[in-house]
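K.L.:
Take a look at this one; I'll ask things after.
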Amino acid sequence: MINIGIVDDHQLFLDGLRSILSVQENYNIVFAVDNAKEALLYIQKQTIDILITDISMPQMSGLELIHHVKENSPHIKIIIMSSFQNMVTKRKIDAYMLKTTPKEKLIDIITNLYLKNEKYYYSSSIDFQEIQFKKNILSPREKEIVVAISKGHSSTEISNMLFISVNTIETHRKNIFFKLNVTNIAQLIAVAIKLGIIDY
């Protein structure tokens, strides 16, 4: 029996994925929740083999969840299912796929992850090649701010941590978004992973 946990803040997707997987032979859905904090509580009390998670979620991001899981339960295989085509980190996940992945492919990957120690990066529409970024695109201060943002800190909190004004933090944020050509925090985290600024 493959014990599976699912976390995604989009209720329709969460319900759909639970329905698809719950009818599969030898699949046991231990939990299906809409936030990472609740998922962590389940993981502390229940045994799961596979965790399926999104990246961009309120309260606690999928990246933070992955970090906690791999630190405390490294045996759990992690599958990221995201709407973002280029959000790939090969450091601590076992599979990555878009939410548009056909259900047959998802079921195949879950079963193979459980049976084999292999990694899977699948999409029907893109080719996951390693994208090279310039390492010096951000200043050391900007990199500090990116790390703080990835941990969910607000501009005020980052200001207090780095002993600079909130206005300065906001200016840095605008510059960071411009340099990396991103428009939101989820995209920022994706690019920061590729740059090696965030180590998940």
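Following the order of the structure tokens, chains are lettered A, B, ..., residues in each are numbered from 1, and ligands are numbered from 1.
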Could you give me the residues within region 23-91 of chain A that DSSP places in strand (DSSP E or B), as a list of chain:residue names?
P.N.:
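Secondary structure check on region 23-91 of chain A, strand (DSSP E or B): A:Tyr27, A:Asn28, A:Ile29, A:Val30, A:Phe31, A:Ala32, A:Val33, A:Ile50, A:Leu51, A:Ile52, A:Thr53, A:Lys77, A:Ile78, A:Ile79, A:Ile80, A:Met81, A:Ser82.
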K.L.:
Write out as a list in words which residues come within 8 Å of region 17-26 of chain A when counting only C-alpha atoms, dropping same-chain ones fewer than 4 positions away.
P.N.:
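Counting only the stated atoms, we get Met1, Ile2, Ile6, Phe13, Ala32, Lys103 and Ile107 of chain A.
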K.L.:
Applying 9 Å and only C-alpha atoms, which residues near region 67-71 of chain A remain after dropping the ones on its own chain fewer than 4 positions away? List them as a list in words.
P.N.:
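My reading of the contact set: Leu40, Ile43, Gly62, Leu63, His75, Ile76, Lys77, Ile78, Lys92, Ile93 and Tyr200 of chain A.
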K.L.:
I'd like the neighbourhood of His153 (chain A) as a PyMOL selection string, where a residue qualifies if any of its atoms comes within 12 Å (using only C-alpha atoms), though same-chain residues fewer than 4 positions away should be ignored.
P.N.:
chain A and resi 59-61+144-149+157-162+169+185
K.L.:
Excluding Leu115 (chain A) and residues on its chain fewer than 3 positions from it, collect all residues at most 12 Å away from it, counting only C-alpha atoms, and give them as an mmCIF file with N, CA and C atoms, in the first residue's frame.
P.N.:
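As a result, out.cif now contains:
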```
data_model
loop_
_atom_site.group_PDB
_atom_site.id
_atom_site.type_symbol
_atom_site.label_atom_id
_atom_site.label_comp_id
_atom_site.auth_asym_id
_atom_site.auth_seq_id
_atom_site.Cartn_x
_atom_site.Cartn_y
_atom_site.Cartn_z
ATOM 1 N N MET A 1 0.834 -1.194 0.000
ATOM 2 C CA MET A 1 0.000 0.000 0.000
ATOM 3 C C MET A 1 0.876 1.254 0.000
ATOM 4 N N ILE A 2 0.603 2.180 -0.909
ATOM 5 C CA ILE A 2 1.352 3.428 -0.996
ATOM 6 C C ILE A 2 0.561 4.512 -0.262
ATOM 7 N N ASP A 49 4.369 7.717 2.386
ATOM 8 C CA ASP A 49 5.482 7.378 1.502
ATOM 9 C C ASP A 49 5.727 8.466 0.466
ATOM 10 N N ILE A 50 4.631 9.099 0.007
ATOM 11 C CA ILE A 50 4.694 10.102 -1.051
ATOM 12 C C ILE A 50 3.983 11.371 -0.596
ATOM 13 N N LYS A 77 9.142 10.521 -0.271
ATOM 14 C CA LYS A 77 9.383 10.991 -1.633
ATOM 15 C C LYS A 77 8.473 12.184 -1.910
ATOM 16 N N ASP A 108 1.678 6.632 -12.914
ATOM 17 C CA ASP A 108 2.884 5.883 -13.263
ATOM 18 C C ASP A 108 4.087 6.373 -12.464
ATOM 19 N N ILE A 109 4.218 7.687 -12.327
ATOM 20 C CA ILE A 109 5.356 8.261 -11.604
ATOM 21 C C ILE A 109 5.272 7.958 -10.110
ATOM 22 N N ILE A 110 4.073 8.073 -9.532
ATOM 23 C CA ILE A 110 3.915 7.769 -8.105
ATOM 24 C C ILE A 110 4.329 6.329 -7.816
ATOM 25 N N THR A 111 3.848 5.407 -8.618
ATOM 26 C CA THR A 111 4.160 3.988 -8.413
ATOM 27 C C THR A 111 5.654 3.720 -8.573
ATOM 28 N N ASN A 112 6.265 4.314 -9.589
ATOM 29 C CA ASN A 112 7.698 4.099 -9.817
ATOM 30 C C ASN A 112 8.557 4.750 -8.742
ATOM 31 N N GLU A 118 14.444 6.740 -8.095
ATOM 32 C CA GLU A 118 14.747 7.522 -9.283
ATOM 33 C C GLU A 118 14.050 8.871 -9.207
ATOM 34 N N LYS A 119 14.547 9.840 -9.985
ATOM 35 C CA LYS A 119 13.930 11.161 -10.040
ATOM 36 C C LYS A 119 13.236 11.338 -11.384
#
```
K.L.:
Determine, counting only C-alpha atoms, which protein, DNA and RNA residues have an atom within 9 Å of an atom of Ile80 (chain A); residues of the same chain fewer than 6 positions away are not included. Present the result as a PyMOL selection string.
P.N.:
chain A and resi 51-55+62+88+93-98
K.L.:
State, in Å with one decimal place, the distance from CA of Gln44 (chain A) to CA of Ala192 (chain A).
P.N.:
29.0 Å
K.L.:
Which residue gives the smallest distance to Val191 (chain A) among A:Leu138, A:Leu14, A:Ile4, A:Leu113, with only C-alpha atoms counted?
P.N.:
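Ranking A:Leu138, A:Leu14, A:Ile4, A:Leu113 by distance to Val191 (chain A), first place goes to A:Leu138.
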K.L.:
Measuring atom to atom with only C-alpha atoms, identify which of A:Thr101, A:Ile193, A:Ile79, A:Arg141 is nearest to Tyr114 (chain A).
P.N.:
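Ranking A:Thr101, A:Ile193, A:Ile79, A:Arg141 by distance to Tyr114 (chain A), first place goes to A:Ile79.
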K.L.:
If I take CA of Gln46 (chain A) and CA of Asn72 (chain A), how far is one from the other in Å, to one decimal?
P.N.:
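The value is 13.2 Å.
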K.L.:
Restricting the calculation to only C-alpha atoms: of A:Thr47, A:Asn3, A:Gln11, A:Thr171, which residue gets closest to Val33 (chain A)?
P.N.:
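Of the candidates, the smallest distance to Val33 (chain A) is held by A:Gln11.
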K.L.:
Which value, in Å to one decimal, gives the distance between CA of Lys194 (chain A) and CA of Pro74 (chain A)?
P.N.:
22.2 Å
K.L.:
Determine which residues of region 9-129 of chain A receive a DSSP assignment of alpha helix (DSSP H), computed from the backbone, and state them as a ChimeraX atom specification.
P.N.:
/A:11-22,36-45,62-72,103-115
